[in-house]
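Okay, protein-v7.cif is below, mmCIF, C-alpha atoms:
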```cif
data_upload
loop_
_atom_site.label_atom_id
_atom_site.label_comp_id
_atom_site.auth_asym_id
_atom_site.auth_seq_id
_atom_site.Cartn_x
_atom_site.Cartn_y
_atom_site.Cartn_z
CA MET G 705 64.10 72.00 136.45
CA ARG G 706 62.45 68.91 137.92
CA ARG G 707 65.48 66.88 138.98
CA LEU G 708 69.22 67.37 139.40
CA LEU G 709 71.73 64.58 139.80
CA PRO G 710 74.51 65.77 142.14
CA VAL G 711 77.96 64.47 141.17
CA VAL G 712 80.12 65.19 144.19
CA THR G 713 83.80 64.62 144.95
CA PRO G 714 83.85 61.97 147.75
CA ALA G 715 85.88 64.19 150.10
CA LEU G 716 83.09 66.78 150.05
CA LEU G 717 80.30 64.49 151.23
CA GLY G 718 80.75 65.66 154.82
CA ASP G 719 81.14 69.36 154.00
CA SER G 720 78.39 71.41 155.61
CA HIS G 721 78.17 73.84 152.67
CA VAL G 722 77.47 70.94 150.31
CA SER G 723 75.07 69.08 152.58
CA ASP G 724 73.13 72.28 153.35
CA ALA G 725 72.83 73.05 149.64
CA LEU G 726 71.59 69.56 148.86
CA VAL G 727 69.07 69.71 151.68
CA ALA G 728 67.84 73.06 150.37
CA LEU G 729 67.24 71.48 146.96
CA GLY G 730 64.88 69.00 148.57
CA SER G 731 63.19 66.56 146.21
CA VAL G 732 64.83 68.25 143.22
CA ALA G 733 68.12 66.55 144.15
CA ALA G 734 68.47 62.89 143.24
CA PRO G 735 70.70 60.63 145.38
CA VAL G 736 74.32 61.77 145.19
CA PHE G 737 76.77 60.07 142.82
CA SER G 738 80.23 60.09 144.46
CA GLU G 739 82.23 57.39 142.69
CA VAL G 740 84.62 59.62 140.73
CA ARG G 741 88.31 59.10 141.46
CA PRO G 742 91.39 61.14 140.47
CA HIS G 743 92.14 61.23 136.74
CA THR G 744 88.52 60.24 135.96
CA PRO G 745 88.82 56.51 135.17
CA PHE G 746 86.58 55.19 132.38
CA ASP G 747 84.76 52.89 134.81
CA ALA G 748 83.64 55.89 136.90
CA VAL G 749 82.27 57.62 133.80
CA LEU G 750 80.42 54.46 132.75
CA SER G 751 78.99 54.05 136.24
CA LEU G 752 77.75 57.64 136.11
CA ILE G 753 76.12 56.99 132.73
CA THR G 754 74.26 54.02 134.22
CA ARG G 755 73.06 56.19 137.11
CA ILE G 756 71.87 58.91 134.72
CA GLU G 757 69.91 56.42 132.63
CA ARG G 758 68.24 55.01 135.73
CA LEU G 759 67.29 58.35 137.32
CA ALA G 760 66.67 60.43 134.15
CA PRO G 761 67.71 63.83 135.60
CA ASP G 762 67.26 67.10 133.73
CA ALA G 763 70.80 68.25 134.54
CA LEU G 764 73.96 67.28 136.38
CA LEU G 765 75.23 69.29 139.36
CA ALA G 766 79.01 68.72 139.54
CA ILE G 767 80.53 69.82 142.85
CA GLY G 768 84.25 69.31 143.30
CA GLY G 769 87.51 69.27 141.41
CA GLY G 770 88.46 68.71 137.80
CA SER G 771 88.00 64.93 137.84
CA THR G 772 84.41 65.27 139.00
CA ILE G 773 83.56 68.03 136.55
CA ASP G 774 85.20 66.15 133.67
CA ALA G 775 83.25 63.01 134.58
CA ALA G 776 79.97 64.91 134.33
CA LYS G 777 80.97 66.52 131.02
CA ILE G 778 82.13 63.28 129.42
CA ALA G 779 79.12 61.30 130.68
CA SER G 780 76.78 63.85 129.11
CA LEU G 781 78.69 63.59 125.83
CA ALA G 782 78.75 59.79 125.92
CA LEU G 783 75.00 59.62 126.53
CA ALA G 784 74.33 61.68 123.43
CA ALA G 785 76.65 59.49 121.36
CA GLY G 786 75.24 56.21 122.66
CA ALA G 787 78.55 55.17 124.23
CA ARG G 788 77.82 52.65 126.97
CA ASP G 789 81.00 50.60 127.30
CA GLN G 790 84.76 51.11 127.30
CA ASP G 791 85.21 50.44 123.60
CA ALA G 792 82.49 52.89 122.63
CA LEU G 793 83.87 55.50 125.00
CA LEU G 794 87.33 55.01 123.56
CA ALA G 795 85.96 55.40 120.02
CA LEU G 796 84.34 58.69 121.05
CA SER G 797 87.61 60.19 122.31
CA SER G 798 89.36 62.83 120.25
CA VAL G 799 92.58 62.21 118.34
CA PRO G 800 95.11 64.78 117.10
CA ASP G 801 95.17 65.66 113.43
CA SER G 802 98.32 66.56 111.50
CA ARG G 803 98.48 69.97 113.23
CA GLY G 804 97.95 68.54 116.68
CA ASP G 805 94.35 69.80 116.79
CA LEU G 806 91.89 67.45 118.47
CA THR G 807 88.99 66.10 116.48
CA ILE G 808 85.50 67.16 117.57
CA ALA G 809 82.90 64.73 118.94
CA PRO G 810 80.16 63.96 116.39
CA VAL G 811 77.32 65.03 118.70
CA PRO G 812 76.88 67.68 121.42
CA PRO G 813 76.37 66.66 125.07
CA SER G 814 72.82 65.66 125.93
CA LEU G 815 72.51 67.01 129.49
CA PRO G 816 73.40 70.46 130.83
CA VAL G 817 76.04 70.53 133.56
CA ILE G 818 76.07 73.02 136.44
CA ALA G 819 79.60 73.21 137.86
CA VAL G 820 80.59 74.29 141.35
CA PRO G 821 84.40 74.04 141.31
CA THR G 822 86.28 73.57 144.57
CA THR G 823 89.78 73.57 143.06
CA LEU G 824 91.58 75.73 140.50
CA SER G 825 91.84 73.10 137.76
CA SER G 826 89.55 75.16 135.46
CA ALA G 827 87.86 72.03 134.09
CA GLU G 828 84.67 74.08 134.19
CA HIS G 829 85.87 76.18 131.26
CA GLY G 830 87.22 73.50 129.00
CA MET G 831 85.92 72.34 125.66
CA ILE G 832 88.08 69.32 126.53
CA GLY G 833 87.51 66.68 129.17
CA GLY G 834 89.97 63.97 130.13
CA ALA G 835 89.47 60.39 131.34
CA THR G 836 91.94 57.54 131.84
CA HIS G 837 91.94 53.98 130.55
CA ALA G 838 94.77 51.42 130.57
CA GLY G 839 97.34 54.00 131.64
CA ILE G 840 96.44 56.50 128.93
CA LYS G 841 94.77 59.87 129.39
CA HIS G 842 92.14 60.19 126.64
CA LEU G 843 90.72 63.56 125.68
CA PHE G 844 87.16 64.34 124.61
CA LYS G 845 86.40 67.58 122.79
CA SER G 846 83.16 69.34 121.89
CA TYR G 847 82.34 73.00 121.42
CA ASP G 848 79.37 72.43 123.76
CA LEU G 849 81.28 70.53 126.43
CA PRO G 850 81.79 73.38 128.96
CA PRO G 851 79.15 73.50 131.71
CA SER G 852 76.17 75.73 131.02
CA THR G 853 76.46 77.35 134.46
CA ILE G 854 79.49 77.91 136.69
CA ILE G 855 79.18 78.93 140.34
CA TYR G 856 82.26 80.13 142.21
CA ASP G 857 81.78 79.96 145.97
CA PRO G 858 84.90 81.27 147.76
CA TRP G 859 83.53 80.26 151.16
CA LEU G 860 83.10 76.67 150.01
CA ALA G 861 86.60 76.91 148.54
CA THR G 862 88.12 77.68 151.96
CA GLY G 863 87.35 74.07 152.85
CA THR G 864 89.58 72.76 150.05
CA PRO G 865 92.86 71.49 151.56
CA LEU G 866 95.51 74.15 151.10
CA THR G 867 98.04 71.97 149.26
CA LEU G 868 95.38 70.86 146.76
CA TRP G 869 94.28 74.45 146.28
CA LEU G 870 97.79 75.74 145.68
CA ALA G 871 98.81 72.86 143.42
CA THR G 872 95.75 73.28 141.20
CA GLY G 873 96.54 77.00 141.25
CA ILE G 874 99.85 76.15 139.58
CA ARG G 875 97.83 74.12 137.10
CA SER G 876 95.94 77.32 136.29
CA LEU G 877 99.25 79.16 136.02
CA ASP G 878 100.22 76.44 133.54
CA HIS G 879 97.04 77.16 131.54
CA GLY G 880 97.89 80.83 131.31
CA ILE G 881 101.54 80.31 130.44
CA GLU G 882 100.94 77.69 127.78
CA THR G 883 98.16 79.87 126.34
CA PHE G 884 100.52 82.81 126.04
CA LEU G 885 103.24 80.66 124.45
CA SER G 886 100.86 78.68 122.24
CA ARG G 887 101.32 78.53 118.48
CA ASP G 888 97.69 79.72 118.35
CA SER G 889 98.05 82.69 120.70
CA ASN G 890 96.36 85.93 119.72
CA PRO G 891 95.78 89.32 121.37
CA PHE G 892 92.53 88.19 122.99
CA THR G 893 93.92 85.02 124.58
CA ASP G 894 97.14 86.87 125.49
CA ALA G 895 95.17 89.49 127.41
CA LEU G 896 93.15 86.90 129.33
CA ALA G 897 96.21 84.82 130.12
CA MET G 898 98.38 87.68 131.34
CA ARG G 899 95.66 89.12 133.57
CA GLY G 900 95.02 85.61 134.88
CA LEU G 901 98.71 85.19 135.72
CA ALA G 902 98.72 88.48 137.63
CA LEU G 903 95.67 87.47 139.68
CA LEU G 904 97.14 84.06 140.48
CA ARG G 905 100.44 85.69 141.45
CA GLU G 906 98.48 87.87 143.88
CA GLY G 907 96.02 85.30 145.18
CA LEU G 908 98.09 82.16 145.68
CA PRO G 909 100.69 83.60 148.12
CA THR G 910 97.91 85.33 150.08
CA ALA G 911 95.95 82.08 150.32
CA TYR G 912 99.14 80.33 151.44
CA ARG G 913 99.59 82.84 154.27
CA ARG G 914 95.87 83.06 155.13
CA PRO G 915 94.13 79.79 154.19
CA ASP G 916 90.76 80.92 155.61
CA ASP G 917 90.71 84.17 153.61
CA ALA G 918 87.73 83.87 151.24
CA CYS G 919 88.82 87.02 149.37
CA ALA G 920 92.19 85.44 148.57
CA ARG G 921 90.47 82.29 147.36
CA HIS G 922 88.18 84.40 145.18
CA THR G 923 91.15 86.21 143.64
CA CYS G 924 92.57 82.80 142.74
CA GLN G 925 89.23 81.77 141.24
CA MET G 926 89.20 84.85 139.03
CA GLY G 927 92.75 84.07 137.91
CA ALA G 928 91.77 80.49 137.13
CA TRP G 929 88.76 81.74 135.17
CA LEU G 930 90.81 84.01 132.92
CA SER G 931 93.69 81.56 132.50
CA GLY G 932 91.35 78.66 131.81
CA CYS G 933 89.18 80.30 129.17
CA SER G 934 91.61 79.02 126.53
CA ILE G 935 91.15 75.29 127.30
CA GLY G 936 90.37 73.64 124.00
CA ARG G 937 90.53 76.94 122.16
CA VAL G 938 94.30 77.08 121.66
CA ARG G 939 96.81 74.26 121.53
CA TYR G 940 98.83 73.95 124.70
CA GLY G 941 102.35 72.55 124.92
CA ALA G 942 104.46 69.86 126.49
CA SER G 943 103.80 70.80 130.11
CA HIS G 944 100.17 69.76 129.72
CA GLY G 945 100.86 66.94 127.30
CA ILE G 946 103.54 65.18 129.34
CA ALA G 947 101.51 65.80 132.49
CA HIS G 948 98.62 63.79 131.08
CA GLN G 949 100.82 60.70 130.88
CA LEU G 950 102.81 61.32 134.05
CA GLY G 951 99.49 61.47 135.87
CA ALA G 952 97.89 58.53 134.09
CA ILE G 953 100.89 56.23 134.59
CA THR G 954 102.03 57.20 138.08
CA GLY G 955 98.85 58.60 139.64
CA VAL G 956 100.43 61.98 140.41
CA PRO G 957 97.64 64.61 140.62
CA HIS G 958 97.50 67.15 137.79
CA GLY G 959 98.32 70.10 139.99
CA LEU G 960 101.55 68.48 141.12
CA THR G 961 102.46 67.46 137.57
CA SER G 962 102.39 71.14 136.62
CA CYS G 963 104.55 71.99 139.63
CA VAL G 964 107.34 69.70 138.49
CA LEU G 965 107.02 69.94 134.71
CA LEU G 966 106.23 73.58 133.95
CA PRO G 967 109.68 75.03 134.87
CA ALA G 968 111.46 72.34 132.83
CA VAL G 969 109.23 72.86 129.80
CA LEU G 970 109.80 76.62 130.00
CA ALA G 971 113.55 76.01 130.00
CA TYR G 972 113.22 73.63 127.04
CA ASN G 973 111.15 76.18 125.07
CA GLU G 974 113.24 79.22 125.97
CA SER G 975 115.24 79.17 122.73
CA VAL G 976 112.08 79.75 120.66
CA SER G 977 110.11 82.01 123.03
CA ALA G 978 112.59 84.15 125.00
CA ASP G 979 110.79 87.46 124.38
CA LYS G 980 107.42 86.17 125.51
CA GLN G 981 108.97 84.35 128.45
CA ALA G 982 110.43 87.66 129.62
CA LEU G 983 106.87 89.04 129.76
CA ILE G 984 105.76 86.02 131.78
CA ALA G 985 108.52 86.65 134.32
CA ALA G 986 107.47 90.30 134.53
CA ALA G 987 103.84 89.29 135.15
CA LEU G 988 105.14 87.27 138.11
CA ASN G 989 106.98 90.32 139.48
CA CYS G 990 110.37 88.91 138.47
CA HIS G 991 111.56 91.46 135.93
CA GLY G 992 114.76 90.36 134.21
CA ALA G 993 114.62 86.80 135.52
CA ARG G 994 114.20 83.66 133.44
CA ALA G 995 110.57 82.56 133.37
CA ALA G 996 111.59 79.03 134.37
CA ASP G 997 113.28 80.39 137.50
CA ALA G 998 110.42 82.78 138.32
CA VAL G 999 107.88 79.97 138.12
CA ARG G 1000 110.03 77.54 140.10
CA ASP G 1001 110.62 80.14 142.83
CA LEU G 1002 106.88 80.83 143.08
CA ILE G 1003 106.09 77.12 143.35
CA ARG G 1004 108.76 76.62 146.00
CA SER G 1005 107.51 79.64 147.98
CA LEU G 1006 104.11 77.94 148.26
CA GLY G 1007 105.66 74.86 149.87
CA LEU G 1008 105.07 72.73 146.77
CA PRO G 1009 107.46 70.27 145.08
CA THR G 1010 109.44 71.37 142.05
CA ARG G 1011 111.08 68.04 141.12
CA ILE G 1012 109.62 64.68 140.04
CA SER G 1013 112.00 63.01 142.49
CA GLU G 1014 110.09 64.69 145.34
CA LEU G 1015 106.90 62.86 144.33
CA GLY G 1016 108.13 59.33 145.05
CA VAL G 1017 108.19 58.45 141.34
CA GLY G 1018 111.21 56.40 140.28
CA ARG G 1019 113.41 57.49 137.40
CA GLU G 1020 112.83 54.08 135.79
CA MET G 1021 109.26 55.23 134.99
CA MET G 1022 110.44 58.08 132.80
CA PRO G 1023 111.01 56.13 129.54
CA ARG G 1024 107.44 54.79 129.70
CA VAL G 1025 106.07 58.28 130.29
CA ALA G 1026 108.13 59.59 127.37
CA GLU G 1027 107.00 56.87 124.98
CA SER G 1028 103.31 57.25 125.83
CA ALA G 1029 103.42 61.07 125.69
CA LEU G 1030 104.88 61.31 122.19
CA ASN G 1031 101.51 61.18 120.41
CA ASN G 1032 99.74 63.47 122.85
CA ALA G 1033 98.14 66.37 120.96
CA PHE G 1034 99.69 69.01 123.23
CA VAL G 1035 103.15 67.47 123.00
CA ARG G 1036 102.84 67.56 119.21
CA ALA G 1037 101.86 71.24 119.38
CA ASN G 1038 104.73 72.30 121.66
CA PRO G 1039 106.34 75.62 120.57
CA ARG G 1040 109.71 73.92 120.17
CA PRO G 1041 109.09 70.78 118.11
CA ILE G 1042 109.29 67.46 119.92
CA LYS G 1043 110.18 64.68 117.50
CA SER G 1044 111.11 61.66 119.58
CA PRO G 1045 110.86 60.14 123.07
CA SER G 1046 114.43 61.31 123.68
CA ASP G 1047 113.23 64.93 123.43
CA ILE G 1048 110.63 64.21 126.11
CA LEU G 1049 113.24 62.43 128.23
CA GLU G 1050 115.35 65.57 128.05
CA ILE G 1051 112.48 67.49 129.65
CA LEU G 1052 111.78 64.75 132.20
CA ASN G 1053 115.45 64.62 133.19
CA MET G 1054 115.49 68.40 133.72
CA ALA G 1055 112.33 68.01 135.84
CA TYR G 1056 113.61 65.05 137.83
#
```
Starting from the file, give its structure as structure tokens.
Amino acid sequence: MRRLLPVVTPALLGDSHVSDALVALGSVAAPVFSEVRPHTPFDAVLSLITRIERLAPDALLAIGGGSTIDAAKIASLALAAGARDQDALLALSSVPDSRGDLTIAPVPPSLPVIAVPTTLSSAEHGMIGGATHAGIKHLFKSYDLPPSTIIYDPWLATGTPLTLWLATGIRSLDHGIETFLSRDSNPFTDALAMRGLALLREGLPTAYRRPDDACARHTCQMGAWLSGCSIGRVRYGASHGIAHQLGAITGVPHGLTSCVLLPAVLAYNESVSADKQALIAAALNCHGARAADAVRDLIRSLGLPTRISELGVGREMMPRVAESALNNAFVRANPRPIKSPSDILEILNMAY
């Protein structure tokens, strides 16, 4: 390896763990790229592509949350496909087929990505990456999209603000739950998801009580790993799908979108998945409770919001979110069929 291009979340530029690591790399590390913003806007991806072409690194070193890791993944894919502007990037994005499966990019990524996650978004495991343009979250899918190397550093993770850590932990919980309830679920993904839920149920409350506990953070990382292994491998449901558009339109971070949407989507899907939802509640140590209530109680116990109204988002935004979410691949694959914007509004009203 002759040269790495570090792609670093801006908030981490002053972190001593990161700066010490970059200093240790010496001349191997190119100047840091730190222009990625939440929800990975297209312009940040295109700016990263320009930097890669100028510096010609052998690999990308993505340090930070899901937006940063997704930017590195998508930039590597776009380079291979020759996408250098917004129209070309848009043409490269995946679209759902008749089953709600996302189409696969025509080429594999051109540069390996080394990921050092500092949140629990699990972007490091996904065959899918997301980037936003004109208020729409666009998805990019490739079997080779996940980073070639993932490094979990629980001591670095203790520097992640607690609310961000916990909220992205609920995002990981969302991964596990929508994996288990997916139309594509199977014994292998079920086993990973349920073990991931148990680890998150153990690690998140401990991290909430003891934010500096690296062992608690590591337990959460292991839960995120197991829950996130299904990203792009099974079709998720409406919690993820509606979240893409709630985030893209209102700017609400993905972790918080899961906090407010997941309980409502569980309630909406209960009529077609009651038996499996009972197992989810049991995995959260709430035997006999409704899964929607068990999840909402866990979120509330971590000091996180459970209603859209708590996020400063007006109810007048909900019809736009519903309309734009209807064609989302995950919404189309929801366990209980969603046929119209009014179905999505029903979920959004429960969540509001």
Practice task
Can you work out the spacing between CA of Pro1041 in chain G and CA of Lys980 in chain G in Å, to one decimal?
Solution key: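 Straight-line distance from CA of Pro1041 in chain G to CA of Lys980 in chain G works out to 17.2 Å.
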Problem - Contact residues around Ala787 in chain G with all atoms listed in the file at 12 Å, ignoring same-chain residues under 4 positions, as a list in words - result: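 My reading of the contact set: Phe746, Val749, Leu750, Ile753, Thr754, Ile778, Ala779, Ser780, Leu781, Ala782, Leu783, Asp791, Ala792, Leu793, Leu794, Ala795, Leu796, Ser797, Ala809, Pro810, Val811 and Pro813 of chain G.
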Return as a PDB file with C-alpha atoms, keeping the file's coordinate frame the set of residues that the PyMOL selection byres ((chain G and resi 762-777) around 7) yields on the displayed structure.
```
ATOM      1  CA  MET G 705      64.100  72.000 136.450  1.00  0.00           C
ATOM      2  CA  ARG G 706      62.450  68.910 137.920  1.00  0.00           C
ATOM      3  CA  ARG G 707      65.480  66.880 138.980  1.00  0.00           C
ATOM      4  CA  LEU G 708      69.220  67.370 139.400  1.00  0.00           C
ATOM      5  CA  LEU G 709      71.730  64.580 139.800  1.00  0.00           C
ATOM      6  CA  PRO G 710      74.510  65.770 142.140  1.00  0.00           C
ATOM      7  CA  VAL G 711      77.960  64.470 141.170  1.00  0.00           C
ATOM      8  CA  VAL G 712      80.120  65.190 144.190  1.00  0.00           C
ATOM      9  CA  THR G 713      83.800  64.620 144.950  1.00  0.00           C
ATOM     10  CA  VAL G 740      84.620  59.620 140.730  1.00  0.00           C
ATOM     11  CA  ARG G 741      88.310  59.100 141.460  1.00  0.00           C
ATOM     12  CA  PRO G 742      91.390  61.140 140.470  1.00  0.00           C
ATOM     13  CA  HIS G 743      92.140  61.230 136.740  1.00  0.00           C
ATOM     14  CA  THR G 744      88.520  60.240 135.960  1.00  0.00           C
ATOM     15  CA  VAL G 749      82.270  57.620 133.800  1.00  0.00           C
ATOM     16  CA  ALA G 760      66.670  60.430 134.150  1.00  0.00           C
ATOM     17  CA  PRO G 761      67.710  63.830 135.600  1.00  0.00           C
ATOM     18  CA  ILE G 778      82.130  63.280 129.420  1.00  0.00           C
ATOM     19  CA  ALA G 779      79.120  61.300 130.680  1.00  0.00           C
ATOM     20  CA  SER G 780      76.780  63.850 129.110  1.00  0.00           C
ATOM     21  CA  LEU G 781      78.690  63.590 125.830  1.00  0.00           C
ATOM     22  CA  LEU G 815      72.510  67.010 129.490  1.00  0.00           C
ATOM     23  CA  PRO G 816      73.400  70.460 130.830  1.00  0.00           C
ATOM     24  CA  VAL G 817      76.040  70.530 133.560  1.00  0.00           C
ATOM     25  CA  ILE G 818      76.070  73.020 136.440  1.00  0.00           C
ATOM     26  CA  ALA G 819      79.600  73.210 137.860  1.00  0.00           C
ATOM     27  CA  VAL G 820      80.590  74.290 141.350  1.00  0.00           C
ATOM     28  CA  PRO G 821      84.400  74.040 141.310  1.00  0.00           C
ATOM     29  CA  THR G 822      86.280  73.570 144.570  1.00  0.00           C
ATOM     30  CA  THR G 823      89.780  73.570 143.060  1.00  0.00           C
ATOM     31  CA  SER G 825      91.840  73.100 137.760  1.00  0.00           C
ATOM     32  CA  SER G 826      89.550  75.160 135.460  1.00  0.00           C
ATOM     33  CA  ALA G 827      87.860  72.030 134.090  1.00  0.00           C
ATOM     34  CA  GLU G 828      84.670  74.080 134.190  1.00  0.00           C
ATOM     35  CA  GLY G 833      87.510  66.680 129.170  1.00  0.00           C
ATOM     36  CA  GLY G 834      89.970  63.970 130.130  1.00  0.00           C
ATOM     37  CA  LEU G 849      81.280  70.530 126.430  1.00  0.00           C
TER      38      LEU G 849
END
```
Exercise for the section: One decimal, Å: what's the distance from CA of Ser889 in chain G over to CA of Val938 in chain G, could you say? Expected result: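 If I compute the distance from CA of Ser889 in chain G to CA of Val938 in chain G, I get 6.8 Å.
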Quick one: apply the PyMOL selection byres ((chain G and resi 735) around 10) to the file and drop the selected residues here as a PDB file with C-alpha atoms, in the coordinates of the input.
```pdb
ATOM      1  CA  LEU G 708      69.220  67.370 139.400  1.00  0.00           C
ATOM      2  CA  LEU G 709      71.730  64.580 139.800  1.00  0.00           C
ATOM      3  CA  PRO G 710      74.510  65.770 142.140  1.00  0.00           C
ATOM      4  CA  VAL G 711      77.960  64.470 141.170  1.00  0.00           C
ATOM      5  CA  LEU G 726      71.590  69.560 148.860  1.00  0.00           C
ATOM      6  CA  SER G 731      63.190  66.560 146.210  1.00  0.00           C
ATOM      7  CA  VAL G 732      64.830  68.250 143.220  1.00  0.00           C
ATOM      8  CA  ALA G 733      68.120  66.550 144.150  1.00  0.00           C
ATOM      9  CA  ALA G 734      68.470  62.890 143.240  1.00  0.00           C
ATOM     10  CA  VAL G 736      74.320  61.770 145.190  1.00  0.00           C
ATOM     11  CA  PHE G 737      76.770  60.070 142.820  1.00  0.00           C
ATOM     12  CA  SER G 738      80.230  60.090 144.460  1.00  0.00           C
ATOM     13  CA  ARG G 755      73.060  56.190 137.110  1.00  0.00           C
ATOM     14  CA  LEU G 759      67.290  58.350 137.320  1.00  0.00           C
TER      15      LEU G 759
END
```
Handout entry: Non-local contacts of Gly1018 in chain G (12 Å; all atoms listed in the file; under 2 positions in same chain excluded) as a PyMOL selection string
Key = chain G and resi 950+953-954+1011-1016+1020-1025+1052-1053+1056
Exercise for the section: Rank nothing, just name the residue among G:Leu1002, G:Ile935, G:Leu988, G:Leu930 nearest to Ile874 in chain G, using only C-alpha atoms. Expected result: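 Checking each candidate against Ile874 in chain G, we get G:Leu1002 as the closest.
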Write out as a compact mmCIF listing (two decimals) with C-alpha atoms, in the coordinates of the input which residues come within 8 Å of Val799 in chain G when counting only C-alpha atoms, dropping same-chain ones fewer than 3 positions away.
```txt
# COMPACT_ATOMS: atom_id res chain seq x y z
CA ASP G 805 94.35 69.80 116.79
CA LEU G 806 91.89 67.45 118.47
CA THR G 807 88.99 66.10 116.48
CA LEU G 843 90.72 63.56 125.68
CA ALA G 1033 98.14 66.37 120.96
```
Handout entry: Proximity to Leu901 in chain G - best of G:Asp1001, G:Glu974, G:Glu882, G:Asp719, all atoms listed in the file
Key =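 For Leu901 in chain G, the nearest of the candidates is G:Glu882.
Counting from CA of Ser975 in chain G, the distance to CA of Gly992 in chain G is 16.0 Å.
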Handout entry: Nearest residue to Pro967 in chain G from the set G:Met1054, G:Met926, G:Ala897, G:Arg1019 (distances using all atoms listed in the file)
Key = G:Met1054
Practice task
Excluding Ala1037 in chain G and residues on its chain fewer than 5 positions from it, collect all residues at most 8 Å away from it, counting only C-alpha atoms, and give them as a ChimeraX atom specification.
Solution key: /G:803-804,887,939-942
Exercise for the section: May I ask which of the residues G:Asp1047, G:Thr923, G:Pro812, G:Ala715 is the closest one to Tyr972 in chain G, counting all atoms listed in the file? Expected result: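 Of G:Asp1047, G:Thr923, G:Pro812, G:Ala715, the one nearest Tyr972 in chain G, counting all atoms listed in the file, is G:Asp1047.
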Exercise for the section: Go through G:Ala985, G:Ala971, G:Cys933, G:Val956 and flag the residue nearest Met831 in chain G, using all atoms listed in the file for the distances. Expected result: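 Closest residue, counting all atoms listed in the file: G:Cys933.
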Using all atoms listed in the file, which residues of range 778-870 of chain G come within 9 Å of range 959-964 of chain G, and what is the closest atom pair for each, with the distance in Å to one decimal? Give it as JSON lines, sorted by chain and residue number.
```
{"residue": "G:Leu824", "atom": "CA", "partner": "G:Gly959", "partner_atom": "CA", "distance": 8.8}
{"residue": "G:Ser825", "atom": "CA", "partner": "G:Gly959", "partner_atom": "CA", "distance": 7.5}
{"residue": "G:Leu868", "atom": "CA", "partner": "G:Gly959", "partner_atom": "CA", "distance": 7.4}
{"residue": "G:Trp869", "atom": "CA", "partner": "G:Gly959", "partner_atom": "CA", "distance": 8.6}
{"residue": "G:Leu870", "atom": "CA", "partner": "G:Gly959", "partner_atom": "CA", "distance": 8.0}
```
Problem - Ground truth for the PyMOL selection byres ((chain G and resi 949) around 9), written as a ChimeraX atom specification - result: /G:839-841,945-948,950-954,1024-1026,1028-1029,1032
Problem - Residue nearest Ser852 in chain G - candidates G:Arg1000, G:His829, G:Arg899, G:Arg875, atoms counted: all atoms listed in the file - result: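 Checking each candidate against Ser852 in chain G, we get G:His829 as the closest.
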